[in-house]
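Asks: Have a look at this one.
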Amino acid sequence: MNIHEYQSKAILKRYGVPVPNGKPAFSVEEAVTVAQELNSPVMVVKAQIHAGGRGKAGGVKIAKNLDEVKTYAAELLGKILVTHQTGAEGKKVNRLLIEEGSNIKKEYYLSFVIDRTTARVVMMGSEEGGVEIEKVAAESPEKIFREYIDPAVGLMPFQATRIAYKMNFPAAAIRKASAFILKLYNVFIGEDCSQVEINPLVVTAEDNVIALDAKLNFDDSALFRHPNIEDLRDESEEDVKERTAAKEGLSYVNLGGNVACMVNGAGLAMATVDILKHYGGSPANFLDVGGDSTPEKIAIAFKIMLDGGQAKGIFVNIFGGINRCDAVAGGIVEAAKIISADGKSLPVPVVVRLEGTNVELGRQILKDSPIKNVIMAETMEGGAKEIVRLVNQAN
Amino acid sequence: MSILVNKDTKVIVQGITGKQATFHTKQMLAYGTKIVGGVTPGKAGQIVEGVPVFNTVADAVQATGATASVIYVPARFAADSIMEGVDAGLDLVVCITEHIPVLDMVKVRRYMEGKKTRLIGPNCPGIMTTGECKLGIIPGNVQTKGHVGLVSRSGTLTYEAAFQLMNAGIGISTSLGIGGDPVKGMDFIDALELFKNDEETLAVLMIGEIGGTAEEDAAKWISANMPNKPVTAFIAGRQAPPGKRMGHAGAIISGGKGTAADKIKALNSVGIEVADTVAHIGETVVATLKRAGIYEKCYAKN
């Protein structure tokens, strides 16, 4: 789960990590009020969207007075911001962060992530701050330093100091940098983060160490122990279909195309998207309905795929293991009844590939059903080709 | 021979009184698995599917001599259950549970250091040695006895692949799903090492997906260590967009790393053929076996 920069900074502040003074604003008036309270000679107006690269895209403005704050706030609110992370369609700015300006001496990079290979939290730091870290990693990997953290004792002060020296902080800021790093690790552990990234972390002219930007991602599996984090969710930042699916316990990712698929199991669902593309289709989505789906759940899945006219055809790819094919087929028939106007028809062709336990029974149920537009496929390959052919024919 | 489990392996079920666990205990027993006990705190003395229940893993191990366990405990308690199994000195712990917090698994991996227990999972379908023993949720009717070892990050793709092999007349020695989480127990290389030393296994099918670099690491390891057993592969997620989790917690392309294209390239570069679509896994294995001259040995259809 992602949250906004201003929300991340509020969490950092709670853990004693220094951040610039600032507050969110949802309107131009609010932006001016916040700026008045800040009473700073230089202020920063920052667009709040769930994507990086805002600075380059014009989403961060420096204001010298209240009038400029007002102008920039009016300009940014409602604007569609296109960054290298948003895709061509961009993201609409609904919130701003108004912050006091910092007197930046130098920018650095600092992050914590999970390292799969060592099964440990790894801290990464670099003197190359304020730029894309992927670029640094590709061009000059020797400029990125790492410390692997033993979960039994946590991040040790010597590790924080060691990386601070390697990152080449000025002597006067070493102690502050080390303290900053230790507190930031507490955020990662305390809030069950999957990533904490400070880019840039800055040393000011006064040799203070401050998080100028902050990006926190959270482990979805640990949200049960952080209800306060769940409350920070901004649904306007999420795909409507993905959000609806998540609420129903379905795993759905919108891929933007017109050939939808409904599959049991994440691996088979990914592979089904791939095979649709392989045969010339434009996949609409990834959708894992799980193994033991009820007709109601399958009906919801169909509704999500069809919503807004996105799906021009649906490929149902089920491997019945312990969950029998006849039960799944029954579920599809019931689901079709729920979503069709007359209990007999579906708005787009549905090709069903069933395999595994009780497959003959399952196929018979679909053959006997009154639902039109449901086509049985003998093989996965045949089914994938057939749905792509039907959708392309209709267009 | 086979890897990790066979007809003599004594197994306990952690969380046996739960609905899923009870259902699968019945399935595992029907397959022939030697389930000797179950564990649910506070339920000692009960009998589930003919199996005695104990309060702790230590009690169950002492009373039954079990050496392996399978865990169906809810996510928030599952990491603790794994550590209880490790503490009891089990050789093998299989954790089926999905959605365990990653930092809990980081602690588990630390706790396992220096201990003898092997962990499969979490978020996995388990392990099955054909006709002898299954721990987990793999359907019993999708694989026939044979000489291909199967290791996969995905549950349904394990069954799908096993089924395609069965239809092609190719049998399986042991199949195991290592799970879709970023921090887990055994990885591809751990499984490959066991298959390498297993006389019954003559070839390996490896099913990977986007996220991490385990497939690339495995490619390097195979090239350096396993010249005599041909490997076939499949990678799911060629069309996955970066930054999106594709169902599994570990299936995500981040910072440009973990793409299917990278993995396929790494595997191809050491001579491993990767099936072009999920529908062609079976025939790609057959082609690999024929090239290696062991198709006749692996053909198991009656």
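We label chains A, B, ... in the order they appear in the structure tokens, count residues from 1 in each chain, and number ligands from 1 in the order shown.
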Counting only C-alpha atoms, collect the residues of chain B whose closest atom lies at most 9 Å from chain A, and write them out as a PyMOL selection string.

Replies: chain B and resi 27+75-76+98-103+105-107+109-111+137-142+153-160+163+180+182-184+208-209+212-214+235-241+244-249+255-256+276-280

Asks: Using only C-alpha atoms, which residues sit within 8 Å of Gly171 in chain B once same-chain residues fewer than 2 positions away are excluded, as a ChimeraX atom specification?

Replies: /B:143-148,165-166,169,173,298-301

Asks: Can you list, as a count of residues only, every protein, DNA or RNA residue that comes within 7 Å of Ile264 in chain B when you count only C-alpha atoms, leaving out same-chain residues fewer than 4 positions away?

Replies: 3

Asks: How many Å separate CA of Val270 in chain B from CA of Pro242 in chain B?

Replies: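 The value is 26.0 Å.
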
Asks: Give me, as a ChimeraX atom specification, all polymer residues having an atom no more than 10 Å from Ala327 in chain A, counting only C-alpha atoms and skipping those fewer than 4 positions away in the same chain.

Replies: /A:292-295,320,323,331-332,358-359,361-362,365

Asks: Apply DSSP to the structure's backbone, then extract all residues of range 58-217 of chain B labelled helix (DSSP H, G or I) and return them as a ChimeraX atom specification.

Replies: /B:58-64,75-87,102-112,155-167,188-196,214-217

Asks: Pick out each residue of range 51-180 of chain A that DSSP on the backbone tags as strand (DSSP E or B); I need them as a VMD selection string.

Replies: chain A and resid 60 to 63 80 to 81 91 to 92 95 to 100 104 to 115 120 to 126 144 to 149

Asks: Output N, CA and C atoms of each residue in that selection to a file, as a CSV table (one decimal), in the first residue's frame.

Replies:
chain,number,residue,atom,x,y,z
A,60,VAL,N,6.4,20.6,-8.5
A,60,VAL,CA,7.0,21.2,-7.3
A,60,VAL,C,7.4,22.6,-7.6
A,61,LYS,N,6.8,23.6,-6.8
A,61,LYS,CA,7.1,25.0,-7.1
A,61,LYS,C,7.7,25.7,-5.9
A,62,ILE,N,8.6,26.6,-6.1
A,62,ILE,CA,9.2,27.5,-5.1
A,62,ILE,C,8.4,28.8,-5.1
A,63,ALA,N,7.9,29.2,-3.9
A,63,ALA,CA,7.2,30.4,-3.8
A,63,ALA,C,7.9,31.4,-2.8
A,80,ILE,N,-3.5,17.7,-14.4
A,80,ILE,CA,-3.1,16.3,-14.6
A,80,ILE,C,-1.6,16.3,-14.8
A,81,LEU,N,-0.9,15.6,-13.9
A,81,LEU,CA,0.6,15.6,-13.8
A,81,LEU,C,1.0,14.3,-14.5
A,91,LYS,N,-1.7,11.7,-13.6
A,91,LYS,CA,-2.6,11.6,-12.4
A,91,LYS,C,-3.0,13.0,-12.0
A,92,LYS,N,-4.3,13.1,-11.6
A,92,LYS,CA,-4.9,14.4,-11.2
A,92,LYS,C,-4.4,14.8,-9.8
A,95,ARG,N,-4.4,17.1,-3.9
A,95,ARG,CA,-3.9,17.6,-2.6
A,95,ARG,C,-2.5,18.2,-2.9
A,96,LEU,N,-2.2,19.2,-2.0
A,96,LEU,CA,-0.9,19.8,-2.0
A,96,LEU,C,-0.2,19.7,-0.7
A,97,LEU,N,1.1,19.8,-0.7
A,97,LEU,CA,1.8,19.9,0.6
A,97,LEU,C,2.5,21.3,0.5
A,98,ILE,N,2.2,22.1,1.5
A,98,ILE,CA,2.9,23.4,1.6
A,98,ILE,C,3.9,23.4,2.7
A,99,GLU,N,5.2,23.6,2.3
A,99,GLU,CA,6.3,23.4,3.2
A,99,GLU,C,7.2,24.6,3.3
A,100,GLU,N,7.9,24.8,4.4
A,100,GLU,CA,8.9,25.9,4.4
A,100,GLU,C,10.1,25.4,3.6
A,104,ILE,N,19.5,24.2,1.1
A,104,ILE,CA,20.1,22.9,0.8
A,104,ILE,C,21.6,23.1,0.5
A,105,LYS,N,22.5,22.4,1.2
A,105,LYS,CA,23.9,22.4,0.9
A,105,LYS,C,24.2,21.2,0.0
A,106,LYS,N,23.7,20.0,0.3
A,106,LYS,CA,23.9,18.8,-0.5
A,106,LYS,C,22.8,17.8,-0.4
A,107,GLU,N,22.6,17.1,-1.5
A,107,GLU,CA,21.5,16.1,-1.5
A,107,GLU,C,22.1,14.6,-1.4
A,108,TYR,N,21.4,13.7,-0.7
A,108,TYR,CA,21.8,12.3,-0.6
A,108,TYR,C,20.6,11.4,-0.9
A,109,TYR,N,20.9,10.1,-0.9
A,109,TYR,CA,19.9,9.1,-1.1
A,109,TYR,C,20.0,8.1,0.1
A,110,LEU,N,18.8,7.7,0.6
A,110,LEU,CA,18.8,6.7,1.7
A,110,LEU,C,17.5,5.9,1.6
A,111,SER,N,17.7,4.6,1.7
A,111,SER,CA,16.4,3.7,1.6
A,111,SER,C,16.6,2.4,2.4
A,112,PHE,N,15.5,1.9,2.8
A,112,PHE,CA,15.5,0.5,3.4
A,112,PHE,C,14.5,-0.3,2.6
A,113,VAL,N,14.9,-1.5,2.2
A,113,VAL,CA,14.0,-2.5,1.6
A,113,VAL,C,14.3,-3.9,2.1
A,114,ILE,N,13.5,-4.8,1.7
A,114,ILE,CA,13.7,-6.2,2.0
A,114,ILE,C,14.6,-6.8,1.0
A,115,ASP,N,15.7,-7.5,1.3
A,115,ASP,CA,16.5,-8.2,0.4
A,115,ASP,C,16.1,-9.7,0.4
A,120,ARG,N,16.9,-10.4,4.7
A,120,ARG,CA,17.1,-9.4,5.7
A,120,ARG,C,16.7,-8.0,5.2
A,121,VAL,N,16.5,-7.1,6.1
A,121,VAL,CA,16.3,-5.7,5.7
A,121,VAL,C,17.7,-5.1,5.3
A,122,VAL,N,17.8,-4.5,4.2
A,122,VAL,CA,19.0,-3.9,3.7
A,122,VAL,C,18.8,-2.4,3.6
A,123,MET,N,19.9,-1.6,4.1
A,123,MET,CA,19.9,-0.2,4.0
A,123,MET,C,20.8,0.2,2.9
A,124,MET,N,20.3,1.1,2.0
A,124,MET,CA,21.2,1.6,0.9
A,124,MET,C,21.3,3.1,1.0
A,125,GLY,N,22.6,3.5,0.8
A,125,GLY,CA,22.8,5.0,0.9
A,125,GLY,C,23.7,5.4,-0.2
A,126,SER,N,23.6,6.6,-0.7
A,126,SER,CA,24.4,7.1,-1.7
A,126,SER,C,24.6,8.7,-1.6
A,144,ILE,N,26.8,3.3,-4.5
A,144,ILE,CA,25.7,2.9,-3.6
A,144,ILE,C,26.3,1.9,-2.5
A,145,PHE,N,26.1,2.3,-1.3
A,145,PHE,CA,26.6,1.5,-0.1
A,145,PHE,C,25.5,0.8,0.6
A,146,ARG,N,25.8,-0.4,1.1
A,146,ARG,CA,24.7,-1.2,1.7
A,146,ARG,C,25.1,-1.7,3.1
A,147,GLU,N,24.1,-1.8,4.0
A,147,GLU,CA,24.3,-2.4,5.3
A,147,GLU,C,23.2,-3.4,5.5
A,148,TYR,N,23.5,-4.7,5.7
A,148,TYR,CA,22.5,-5.7,6.0
A,148,TYR,C,22.2,-5.8,7.5
A,149,ILE,N,20.9,-5.8,7.8
A,149,ILE,CA,20.6,-5.7,9.2
A,149,ILE,C,20.1,-7.0,9.8

Asks: Select, from A:Val348, A:Met167, A:Leu66, A:Ile371, the residue with the minimum atom-to-atom distance to Lys143 in chain A, counting only C-alpha atoms.

Replies: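 Comparing A:Val348, A:Met167, A:Leu66, A:Ile371 against Lys143 in chain A, the winner is A:Met167.
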
Asks: With distances taken over only C-alpha atoms, which residue among B:Lys229, B:Val13, B:Val70, B:Glu215 lies nearest Val51 in chain B?

Replies: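 Going through B:Lys229, B:Val13, B:Val70, B:Glu215 one by one, the smallest distance to Val51 in chain B is for B:Val13.
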